[in-house]
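Engineer: Got a structure for you, questions after.
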Amino acid sequence: MEHDHCGVGEDRRWQAVVTNDVSADGDFFYGVRTTGIYCRPSCRSRTPRQKNVVFFTERAAAEAAGFRACKRCRPDRPLDIRRTDARVVRACRWIAARQEMPQLREIAAEVGLNSFYFQRLFKRETGLTPMQYANAQRQARLRVHLSAGEGVTESALAAGYGSGEHLHAQADAALGMTPSAYRDGAPGSVIRFALGECTLGCVLVAGSERGICAISLGDTPEELLAELERRFDRAQLVGDDTQFAAHVARVVGFVTDPRQGLGDLPLDIRGTVFQQRVWQALRRIPVGTTASYAQIAADIGLPRAVRAVAGACAANKLALAIPCHRVVRSDASLSGYRWGIERKRVLIDAESAVTPDID
């Protein structure tokens with residue numbers, strides 16, 4: 001049955017899609033009109049525009065409406081046998097349903113556990129503390145309200161910040177800019193970029209005064225530029241920038257000779273606390289070697305957070321500089337890659353010819 005397009009229920013579903021909420025898998029599916037594909041809430045494919053999304057309570061309804069199953073999240077197949085602990089799933093749903101920021105003891109009491117044990121359980125299952133998860137949910141609500149054009153104070157209260165002043169104190173961490181700039185699509189901000197070509201296809205490097213915020217690979221310049229415009233739809237985009245042309249040259253040179261490295265590029269790395277930890281671990285993988293998702297999870301001290309590690313790899317927007325292409329399955333087979341599995345194969349094959357620089 002198709003979900004209606006009004007009320008709080010749809011807002012919560014949309015928030016689950018934006019945050020790739022694993023705990024929402026099984027509750028509903030969403031279809032994207034522009035692609036004709038339906039997905040699970042946790043799908044790591046590119047987030048669609050909200051106006052193009054329709055929700056279904058059953059996959060049969062999505063297929064009856066003409067949507068095809070996503071080949072990435074495979075909503076037409078049973079969920080993994082190993083599921084997240086039911087108490088953690090219940091806590092995630094309880095947090096997502098609350099407007100105000102909860103206390104740890106409140107969340108633990110809701111699932112019948114003491115705070116100390118619950119915190120350990122939650123972090124083991126998700127890779128985040130309960131409060132980090134709650135803050136990520138609050139930030140997601142904030143983006144939804146601001147993107148809808150609501151006022152900063154109203155958005156802050158609706159998201160659970162308590163006041164506009166409280167939001168402004170945390171705006172840089174939550175949005176990377178002022179709330180009003182985010183609401184208006186970052187008007188006046190300048191994003192410089194340059195395009196190039198390499199053996200992998202087209203390359204785009206873009207950034208602001210903070211540093212490089214995007215390194216993208218694609219088949220055509222038009223495809224990469226369209227993606228950049230969607231991401232910064234109200235910013236001033238400045239092309240053919242000399243500085244960024246030099247960065248493109250560095251990226252192209254790295255593809256040709258991986259020994260050159262990209263470690264000194266000025267990056268603007270923004271993500272959740274957990275994503276930052278994963279990305280730092282990825283940058284420690286030497287050229288010429290690979291690591292499994294399980295190894296990365298163990299490296300950051302969260303051996304059970306394998307699925308969350310995969311999600312952080314999928315969220316990476318800095319191709320090559322954060323080398324998520326070096327992460328493979330435990331059996332060494334290749335898994336998904338934001339910029340195409342064949343590009344991942346080419347990169348690994350090229351780097352395998354390089355002698356690993358391991359201390």
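Each chain in the structure tokens gets a letter, A, B, ..., in the order shown, and its residues are numbered from 1; ligands are numbered from 1 in order too.
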Can you list, as a PDB file with N, CA, C and O atoms, in the first residue's frame, every protein, DNA or RNA residue that comes within 10 Å of Gln119 in chain A when you count only C-alpha atoms, leaving out same-chain residues fewer than 2 positions away?
Structural biologist:
ATOM      1  N   VAL A  88      18.561  -2.294  20.703  1.00  0.00           N
ATOM      2  CA  VAL A  88      19.178  -1.135  20.058  1.00  0.00           C
ATOM      3  C   VAL A  88      18.254  -0.583  18.977  1.00  0.00           C
ATOM      4  O   VAL A  88      18.103   0.632  18.835  1.00  0.00           O
ATOM      5  N   LEU A 104      20.764  10.025  28.351  1.00  0.00           N
ATOM      6  CA  LEU A 104      21.172   8.634  28.261  1.00  0.00           C
ATOM      7  C   LEU A 104      20.323   7.746  29.165  1.00  0.00           C
ATOM      8  O   LEU A 104      19.874   6.671  28.761  1.00  0.00           O
ATOM      9  N   ARG A 105      20.098   8.187  30.384  1.00  0.00           N
ATOM     10  CA  ARG A 105      19.332   7.359  31.334  1.00  0.00           C
ATOM     11  C   ARG A 105      17.901   7.143  30.857  1.00  0.00           C
ATOM     12  O   ARG A 105      17.307   6.097  31.116  1.00  0.00           O
ATOM     13  N   ILE A 107      16.907   6.923  27.652  1.00  0.00           N
ATOM     14  CA  ILE A 107      16.925   5.940  26.562  1.00  0.00           C
ATOM     15  C   ILE A 107      17.121   4.537  27.133  1.00  0.00           C
ATOM     16  O   ILE A 107      16.441   3.589  26.740  1.00  0.00           O
ATOM     17  N   ALA A 108      18.062   4.420  28.066  1.00  0.00           N
ATOM     18  CA  ALA A 108      18.343   3.114  28.666  1.00  0.00           C
ATOM     19  C   ALA A 108      17.115   2.576  29.394  1.00  0.00           C
ATOM     20  O   ALA A 108      16.782   1.385  29.293  1.00  0.00           O
ATOM     21  N   LEU A 113      17.353  -1.258  30.486  1.00  0.00           N
ATOM     22  CA  LEU A 113      18.743  -1.546  30.811  1.00  0.00           C
ATOM     23  C   LEU A 113      19.342  -0.414  31.630  1.00  0.00           C
ATOM     24  O   LEU A 113      18.845   0.716  31.595  1.00  0.00           O
ATOM     25  N   ASN A 114      20.420  -0.717  32.358  1.00  0.00           N
ATOM     26  CA  ASN A 114      21.104   0.370  33.056  1.00  0.00           C
ATOM     27  C   ASN A 114      21.963   1.147  32.066  1.00  0.00           C
ATOM     28  O   ASN A 114      22.352   0.628  31.004  1.00  0.00           O
ATOM     29  N   SER A 115      22.273   2.373  32.376  1.00  0.00           N
ATOM     30  CA  SER A 115      22.941   3.278  31.439  1.00  0.00           C
ATOM     31  C   SER A 115      24.289   2.748  30.979  1.00  0.00           C
ATOM     32  O   SER A 115      24.641   2.829  29.791  1.00  0.00           O
ATOM     33  N   PHE A 116      25.074   2.190  31.906  1.00  0.00           N
ATOM     34  CA  PHE A 116      26.420   1.734  31.566  1.00  0.00           C
ATOM     35  C   PHE A 116      26.373   0.591  30.554  1.00  0.00           C
ATOM     36  O   PHE A 116      27.040   0.628  29.522  1.00  0.00           O
ATOM     37  N   TYR A 117      25.551  -0.424  30.834  1.00  0.00           N
ATOM     38  CA  TYR A 117      25.468  -1.570  29.927  1.00  0.00           C
ATOM     39  C   TYR A 117      24.874  -1.157  28.588  1.00  0.00           C
ATOM     40  O   TYR A 117      25.343  -1.580  27.524  1.00  0.00           O
ATOM     41  N   LEU A 121      26.423  -1.595  24.802  1.00  0.00           N
ATOM     42  CA  LEU A 121      25.683  -2.369  23.802  1.00  0.00           C
ATOM     43  C   LEU A 121      25.415  -1.538  22.560  1.00  0.00           C
ATOM     44  O   LEU A 121      25.617  -1.984  21.426  1.00  0.00           O
ATOM     45  N   PHE A 122      24.955  -0.320  22.753  1.00  0.00           N
ATOM     46  CA  PHE A 122      24.594   0.549  21.632  1.00  0.00           C
ATOM     47  C   PHE A 122      25.823   0.846  20.771  1.00  0.00           C
ATOM     48  O   PHE A 122      25.762   0.769  19.539  1.00  0.00           O
ATOM     49  N   LYS A 123      26.940   1.156  21.401  1.00  0.00           N
ATOM     50  CA  LYS A 123      28.146   1.485  20.632  1.00  0.00           C
ATOM     51  C   LYS A 123      28.685   0.257  19.916  1.00  0.00           C
ATOM     52  O   LYS A 123      29.170   0.357  18.781  1.00  0.00           O
ATOM     53  N   ARG A 124      28.571  -0.897  20.533  1.00  0.00           N
ATOM     54  CA  ARG A 124      29.019  -2.129  19.898  1.00  0.00           C
ATOM     55  C   ARG A 124      28.212  -2.420  18.630  1.00  0.00           C
ATOM     56  O   ARG A 124      28.746  -2.860  17.616  1.00  0.00           O
ATOM     57  N   LEU A 128      28.366   4.127  17.336  1.00  0.00           N
ATOM     58  CA  LEU A 128      28.145   5.446  17.924  1.00  0.00           C
ATOM     59  C   LEU A 128      27.662   5.300  19.353  1.00  0.00           C
ATOM     60  O   LEU A 128      27.089   4.282  19.723  1.00  0.00           O
ATOM     61  N   THR A 129      27.862   6.337  20.152  1.00  0.00           N
ATOM     62  CA  THR A 129      27.209   6.370  21.451  1.00  0.00           C
ATOM     63  C   THR A 129      25.749   6.766  21.235  1.00  0.00           C
ATOM     64  O   THR A 129      25.411   7.354  20.197  1.00  0.00           O
ATOM     65  N   PRO A 130      24.869   6.470  22.181  1.00  0.00           N
ATOM     66  CA  PRO A 130      23.470   6.883  22.022  1.00  0.00           C
ATOM     67  C   PRO A 130      23.321   8.390  21.814  1.00  0.00           C
ATOM     68  O   PRO A 130      22.479   8.828  21.019  1.00  0.00           O
ATOM     69  N   MET A 131      24.150   9.183  22.482  1.00  0.00           N
ATOM     70  CA  MET A 131      24.024  10.628  22.344  1.00  0.00           C
ATOM     71  C   MET A 131      24.536  11.113  20.986  1.00  0.00           C
ATOM     72  O   MET A 131      24.003  12.063  20.418  1.00  0.00           O
TER      73      MET A 131
END
Engineer: Within 7 Å of range 339-353 of chain A, counting only C-alpha atoms, which residues qualify if same-chain residues fewer than 2 places away don't, as a list in words?
Structural biologist: Leu200, Leu217, Gly218, Pro258, Val287, Gly288, Thr289, His325, Arg326, Gly336, Tyr337 and Thr355 of chain A
Engineer: Write a file of the selected residues as a compact mmCIF listing (two decimals), in the first residue's frame, keeping C-alpha atoms.
Structural biologist:
# COMPACT_ATOMS: atom_id res chain seq x y z
CA LEU A 200 39.29 6.35 -15.06
CA LEU A 217 34.87 10.48 -10.89
CA GLY A 218 32.44 10.01 -13.77
CA PRO A 258 49.87 5.84 -7.04
CA VAL A 287 49.24 2.02 -1.25
CA GLY A 288 49.40 -1.45 -2.75
CA THR A 289 47.39 -3.13 0.00
CA HIS A 325 38.60 1.81 -2.97
CA ARG A 326 41.11 -0.17 -0.87
CA GLY A 336 30.32 -1.58 -4.14
CA TYR A 337 32.07 1.68 -4.91
CA THR A 355 55.48 -2.16 -3.43
Engineer: Just the residues within 7 Å of Arg304 in chain A, please, counting only C-alpha atoms, with nothing from its chain fewer than 2 positions along; format it as number ranges by chain.
Structural biologist: A: 124-125, 297, 302, 306
Engineer: Which residue, A:Arg93, A:Arg230, A:Arg141, A:Arg77, has the smallest gap to Pro48 in chain A when you use only C-alpha atoms?
Structural biologist: A:Arg230
Engineer: Could you find all residues in range 245-337 of chain A that DSSP calls strand (DSSP E) from the backbone, and write them as a list in words?
Structural biologist: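 Residues meeting the strand (DSSP E) criterion: Ala291, Ser292, Val327 and Val328 of chain A.
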Engineer: Restricting it to N, CA, C and O atoms, dump the selection as a PDB file, in the first residue's frame.
Structural biologist:
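What landed in part12.pdb:
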ATOM      1  N   ALA A 291      42.229  -3.711   2.717  1.00  0.00           N
ATOM      2  CA  ALA A 291      41.757  -4.122   4.044  1.00  0.00           C
ATOM      3  C   ALA A 291      40.285  -4.468   3.928  1.00  0.00           C
ATOM      4  O   ALA A 291      39.571  -3.906   3.081  1.00  0.00           O
ATOM      5  N   SER A 292      39.825  -5.368   4.753  1.00  0.00           N
ATOM      6  CA  SER A 292      38.403  -5.722   4.744  1.00  0.00           C
ATOM      7  C   SER A 292      37.629  -4.765   5.646  1.00  0.00           C
ATOM      8  O   SER A 292      38.202  -4.075   6.494  1.00  0.00           O
ATOM      9  N   VAL A 327      39.109  -0.904   0.299  1.00  0.00           N
ATOM     10  CA  VAL A 327      38.368  -1.746   1.238  1.00  0.00           C
ATOM     11  C   VAL A 327      37.600  -2.808   0.447  1.00  0.00           C
ATOM     12  O   VAL A 327      36.864  -2.484  -0.490  1.00  0.00           O
ATOM     13  N   VAL A 328      37.773  -4.054   0.845  1.00  0.00           N
ATOM     14  CA  VAL A 328      37.161  -5.189   0.138  1.00  0.00           C
ATOM     15  C   VAL A 328      36.433  -6.073   1.154  1.00  0.00           C
ATOM     16  O   VAL A 328      36.507  -5.850   2.358  1.00  0.00           O
TER      17      VAL A 328
END
